Amino acid sequence: MKIATYNVNGVNGRLPVLLRWLAEAAPDVVCLQELKAPQEKFPLQAIEAAGYQAIWHGQKSWNGVAILARDVQPEEIRRVLPGDPEDEQSRYLEATINGIRVGCLYLPNGNPAPGPKFDYKLRWFERLTAHAADLLAADMPVVLVGDFNVIPTEKDAYKPERWVNDALFRPETLEAFHKLLSQGWTDAIRKLFPEETIYTFWDYFRNAYGRNAGLRIDHFLLSNHLDRRLLTAGVDHSVRGWEKTSDHAPVWITITDSD
DNA sequence: ATGCCGTGGAAACCACGA
């Protein structure tokens with residue numbers, strides 16, 4: 001079973017790229033972030049024609065997340081992260097697919113830091129961590145997957161010294177990420193490739209992709225049930241070089257079909 | 001050090017991203 005995540009940066013503007021990648025990569029489950037489309041503008045027909053069923057949580061202009069599954073309907077569990085009824089940003093969606101709980105997330109960027117956006121990021125992180133503890137306590141296979149907007153370590157940025165004051169790499173952010181991991185989650189990509197330079201995002205400008213000046217910010221966190229089933233993982237780099245492409249590349253893992 | 005590019009929505013610029 002292949003599970004993927006892709007920050008599309010506009011699901012409608014990116015539709016040809018998304019459909020081509022779905023056809024070539026044939027993932028079983030896909031978490032999308034940054035739909036940048038209201039609920040009624042999600043391109044369901046095209047995605048169904050590609051062989052996927054979907055649930056999504058849209059928002060006008062910004063954010064927006066979706067979960068796609070090939071040939072099966074994702075069973076929606078929740079479409080908001082608990083803990084703040086005032087939070088109206090579409091950044092979390094959770095479903096069960098083939099017995100696996102999938103939490104698709106788009107964690108706030110948080111820049112500029114410090115400031116209200118960074119405060120929101122840290123509050124959102126605390127809510128995620130509280131919910132993640134509940135998921136682990138339920139003792140089931142879970143993956144928290146998506147754009148975390150976290151550079152976990154120095155080896156996850158092309159020039160880490162440039163990011164020390166950035167919301168993606170500030171000490172508060174790294175501390176929040178490590179606190180989450182310490183509950184018992186496994187960073188799947190880093191487990192399989194402990195030393196390699198692996199990026200999932202490259203800026204649009206300054207030829208960042210051509211220079212491989214990237215960041216690793218899209219992550220798969222596995223509960224121990226899924227950690228045992230982890231087989232392989234990768235980044236579909238070449239998609240970042242396509243015309244009219246996102247600034248993120250798709251990232252994927254494969255797991256055994258059962259325990 | 002920097003939004004230099006790109007998207008969406010409104011308006012012919014702006015907010016936002018990482």
# chains A, B, ... in the order shown; residues from 1 in each chain; ligands from 1

$ residues_around --residues "region 134-141 of chain A" --least-positions-apart "6" --cutoff "7 Å" --atoms "only C-alpha atoms (C1' of nucleotides)" --output "mmCIF file with C-alpha atoms, in the first residue's frame"
data_model
loop_
_atom_site.group_PDB
_atom_site.id
_atom_site.type_symbol
_atom_site.label_atom_id
_atom_site.label_comp_id
_atom_site.auth_asym_id
_atom_site.auth_seq_id
_atom_site.Cartn_x
_atom_site.Cartn_y
_atom_site.Cartn_z
ATOM 1 C CA ILE A 100 -5.599 2.813 8.801
ATOM 2 C CA ARG A 101 -6.322 6.158 10.435
ATOM 3 C CA SER A 223 2.345 5.004 15.123
ATOM 4 C CA HIS A 225 1.646 -0.348 14.390
ATOM 5 C CA LEU A 226 2.530 1.275 11.081
#

$ residues_around --residues "Ala4 (chain A)" --least-positions-apart "6" --cutoff "7 Å" --atoms "only C-alpha atoms (C1' of nucleotides)" --output "list in words"
Pro27, Val29, Val30, Cys31, Pro250, Val251, Trp252 and Ile253 of chain A

$ closest_atom_pairs --of "chain B" --to "chain A" --cutoff "8 Å" --atoms "only C-alpha atoms (C1' of nucleotides)" --output "tab-separated table"
residue	atom	partner	partner_atom	distance
B:DC4	C1'	A:Phe205	CA	6.3
B:DC5	C1'	A:Tyr204	CA	5.1
B:DG6	C1'	A:Tyr204	CA	7.4
B:DT7	C1'	A:Gly10	CA	6.5
B:DG8	C1'	A:Ser61	CA	5.4
B:DG9	C1'	A:Ser61	CA	7.1
B:DG17	C1'	A:Asn109	CA	7.9
B:DA18	C1'	A:Asn109	CA	6.9

$ select_by_dssp --residues "region 7-80 of chain A" --states "alpha helix (DSSP H)" --output "ChimeraX atom specification"
/A:15-25,44-49

$ write_last_selection --atoms "C-alpha atoms" --output "PDB file, in the first residue's frame"
ATOM      1  CA  LEU A  15      -4.954  19.909 -11.894  1.00  0.00           C
ATOM      2  CA  PRO A  16      -3.013  18.748 -15.021  1.00  0.00           C
ATOM      3  CA  VAL A  17       0.093  18.150 -12.890  1.00  0.00           C
ATOM      4  CA  LEU A  18      -1.903  16.365 -10.198  1.00  0.00           C
ATOM      5  CA  LEU A  19      -3.661  14.072 -12.687  1.00  0.00           C
ATOM      6  CA  ARG A  20      -0.423  13.235 -14.496  1.00  0.00           C
ATOM      7  CA  TRP A  21       1.306  12.419 -11.217  1.00  0.00           C
ATOM      8  CA  LEU A  22      -1.635  10.258 -10.021  1.00  0.00           C
ATOM      9  CA  ALA A  23      -1.484   8.288 -13.263  1.00  0.00           C
ATOM     10  CA  GLU A  24       2.281   7.811 -13.116  1.00  0.00           C
ATOM     11  CA  ALA A  25       2.743   7.209  -9.388  1.00  0.00           C
ATOM     12  CA  LEU A  44     -14.146  16.009  -7.837  1.00  0.00           C
ATOM     13  CA  GLN A  45     -15.190  14.889 -11.315  1.00  0.00           C
ATOM     14  CA  ALA A  46     -11.644  14.893 -12.668  1.00  0.00           C
ATOM     15  CA  ILE A  47     -10.336  13.106  -9.589  1.00  0.00           C
ATOM     16  CA  GLU A  48     -13.068  10.464  -9.775  1.00  0.00           C
ATOM     17  CA  ALA A  49     -12.318   9.995 -13.472  1.00  0.00           C
TER      18      ALA A  49
END

$ residues_around --residues "Thr96 (chain A)" --least-positions-apart "4" --cutoff "9 Å" --atoms "only C-alpha atoms (C1' of nucleotides)" --output "PDB file with N, CA and C atoms, in the first residue's frame"
ATOM      1  N   PRO A  74     -12.863   7.169   1.384  1.00  0.00           N
ATOM      2  CA  PRO A  74     -12.334   7.443   2.731  1.00  0.00           C
ATOM      3  C   PRO A  74     -13.497   7.679   3.698  1.00  0.00           C
ATOM      4  N   GLU A  75     -13.399   7.040   4.871  1.00  0.00           N
ATOM      5  CA  GLU A  75     -14.443   7.217   5.885  1.00  0.00           C
ATOM      6  C   GLU A  75     -14.043   8.382   6.789  1.00  0.00           C
ATOM      7  N   GLU A  76     -14.736   9.500   6.646  1.00  0.00           N
ATOM      8  CA  GLU A  76     -14.331  10.707   7.376  1.00  0.00           C
ATOM      9  C   GLU A  76     -14.558  10.558   8.874  1.00  0.00           C
ATOM     10  N   ILE A  77     -13.521  10.892   9.654  1.00  0.00           N
ATOM     11  CA  ILE A  77     -13.608  10.862  11.118  1.00  0.00           C
ATOM     12  C   ILE A  77     -13.794  12.264  11.675  1.00  0.00           C
ATOM     13  N   ILE A 100      -6.653   1.885   8.368  1.00  0.00           N
ATOM     14  CA  ILE A 100      -5.599   2.813   8.801  1.00  0.00           C
ATOM     15  C   ILE A 100      -6.197   4.196   9.015  1.00  0.00           C
ATOM     16  N   ARG A 101      -5.880   4.792  10.156  1.00  0.00           N
ATOM     17  CA  ARG A 101      -6.322   6.158  10.435  1.00  0.00           C
ATOM     18  C   ARG A 101      -5.319   7.122   9.820  1.00  0.00           C
ATOM     19  N   VAL A 102      -5.799   7.989   8.950  1.00  0.00           N
ATOM     20  CA  VAL A 102      -4.947   8.939   8.239  1.00  0.00           C
ATOM     21  C   VAL A 102      -5.321  10.352   8.667  1.00  0.00           C
ATOM     22  N   GLY A 103      -4.374  11.054   9.281  1.00  0.00           N
ATOM     23  CA  GLY A 103      -4.554  12.463   9.636  1.00  0.00           C
ATOM     24  C   GLY A 103      -3.781  13.326   8.662  1.00  0.00           C
TER      25      GLY A 103
END

$ select_by_dssp --residues "region 146-216 of chain A" --states "strand (DSSP E)" --output "number ranges by chain"
A: 146-147, 186-187, 201-202, 214-215

$ residues_around --residues "Arg127 (chain A)" --least-positions-apart "4" --cutoff "9 Å" --atoms "only C-alpha atoms (C1' of nucleotides)" --output "list in words"
Leu81, Pro82, Gly83, Asp84, Leu122, Arg123, His131 and Ala132 of chain A

$ write_last_selection --atoms "N, CA and C atoms" --output "PDB file, in the first residue's frame"
ATOM      1  N   LEU A  81      -9.269  20.115  13.658  1.00  0.00           N
ATOM      2  CA  LEU A  81      -8.435  19.716  14.787  1.00  0.00           C
ATOM      3  C   LEU A  81      -9.121  20.190  16.062  1.00  0.00           C
ATOM      4  N   PRO A  82      -9.318  19.296  17.044  1.00  0.00           N
ATOM      5  CA  PRO A  82     -10.020  19.725  18.264  1.00  0.00           C
ATOM      6  C   PRO A  82      -9.256  20.814  19.014  1.00  0.00           C
ATOM      7  N   GLY A  83      -9.972  21.541  19.842  1.00  0.00           N
ATOM      8  CA  GLY A  83      -9.301  22.421  20.789  1.00  0.00           C
ATOM      9  C   GLY A  83      -9.481  23.907  20.586  1.00  0.00           C
ATOM     10  N   ASP A  84     -10.073  24.324  19.467  1.00  0.00           N
ATOM     11  CA  ASP A  84     -10.295  25.757  19.273  1.00  0.00           C
ATOM     12  C   ASP A  84     -11.469  25.986  18.331  1.00  0.00           C
ATOM     13  N   LEU A 122       2.235  27.874  17.055  1.00  0.00           N
ATOM     14  CA  LEU A 122       2.553  27.111  18.267  1.00  0.00           C
ATOM     15  C   LEU A 122       1.294  26.600  18.956  1.00  0.00           C
ATOM     16  N   ARG A 123       0.220  27.404  18.944  1.00  0.00           N
ATOM     17  CA  ARG A 123      -1.050  26.929  19.520  1.00  0.00           C
ATOM     18  C   ARG A 123      -1.593  25.757  18.718  1.00  0.00           C
ATOM     19  N   HIS A 131      -4.122  15.991  20.324  1.00  0.00           N
ATOM     20  CA  HIS A 131      -4.915  15.035  19.546  1.00  0.00           C
ATOM     21  C   HIS A 131      -4.093  13.795  19.194  1.00  0.00           C
ATOM     22  N   ALA A 132      -2.830  14.005  18.895  1.00  0.00           N
ATOM     23  CA  ALA A 132      -1.949  12.882  18.560  1.00  0.00           C
ATOM     24  C   ALA A 132      -1.843  11.913  19.728  1.00  0.00           C
TER      25      ALA A 132
END

$ atom_distance --atom1 "CA of Phe42 (chain A)" --atom2 "CA of Leu68 (chain A)"
12.1 Å
